[in-house]
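Structure first, then comments.
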Amino acid sequence: MSTPFYVSPQQAMADRAEYARKGIARGRSVVVLQYTDGVVFVAENPSRALHKVSEIYDRIAFAAVGKYNEFENLRIGGVRYADLRGYTYDREDVTARGLANVYAQTLGTIFSSAAEKPYEVELIVAEVGAAPEDDQIYRLPHDGSIVDEHGSVAVGGNADQISSYLDQRHRDGMTLAEALKLAVESLSRDNNGGERRLTAEQLEVATLDRTRPQQRKFKRILGRQLSRLLDESGGADTGEAADADEGAGAGESGSTAGGSGDKGAKDKESKKDNGKGASGEEGSDGEPLL
């Protein structure tokens, strides 16, 4: 009888971590910045069908990079958790901290399980507060750890270089146009120090705006409004449609004012094509990396 091949637990975990990190690094970066009226999410994503930034609940949003099918499953689970908790207790009981803990447990369990491969995803969960000091941003790597971020954070692609660029230039009290300009500048830089030109069609932008009178603070910035903001900040080219408020029928996650939202509408995104025709690099099993 042959002797089974032995791999130490430390080496096995290191190999799993390296596998996940390589998959995440192939995805396009996402940048999250605080500005004076809330939190802005900026992702390089030419696809209009597969979103990297989504609403979870009234004041909470989600951003991810990596394998689309994996982080989409996590997004749907987060929406259901938030709806159930808000309906069972109170809407104020749904917090970014609680959601981050749920995601951390899920990712940690998958990462430490030898029965399946680790998820090739890195997540950001953000909540806008009544004042800038009340904003919360949590970054969750592939292993389920939680990092409490302040000011700015980047994941995916050359995240280390982007984070260093943001740390040097981000400041409190920035306007939305200023924060968007900084985010686009950071995403435009490549590993060799050169710069690319990103157009409005290549960007996915959304905000959690504390000044909105609605209970739901999430809003996508599209078309003319995005082009106008990019022009104000010395940015890129124009888009097509007018800005669209994220609401019913948009295929995006969200919650109704009465408590538990329409889960059929919220899960609409999950039924979209999980990679066919999507722009972006494909993973080893053919799923797109966003």
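Ligands are numbered from 1 in the order shown, residues from 1 within each chain, and chains are lettered A, B, ... in the order they appear in the structure tokens.
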I'd like the neighbourhood of stretch 208-214 of chain A as a ChimeraX atom specification, where a residue qualifies if any of its atoms comes within 8 Å (using only C-alpha atoms), though same-chain residues fewer than 2 positions away should be ignored. /A:37-40,59-61,127-131,206,216-219
Write out as a PyMOL selection string all residues of stretch 20-172 of chain A that backbone DSSP assigns to strand (DSSP E). chain A and resi 30-35+38-44+53-57+60-66+121-127+136-140+147-149+152-155
Nearby residues (only C-alpha atoms) at most 9 Å from A:Leu99, same-chain spacing under 4 positions excluded, as a VMD selection string: chain A and resid 78 81 to 82 94 to 95 103 to 104 125
Which residue gives the smallest distance to A:Pro141 among A:Ser164, A:Ser188, A:Thr88, A:Gln105, with only C-alpha atoms counted?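 The shortest atom-to-atom distance to A:Pro141 comes from A:Gln105.
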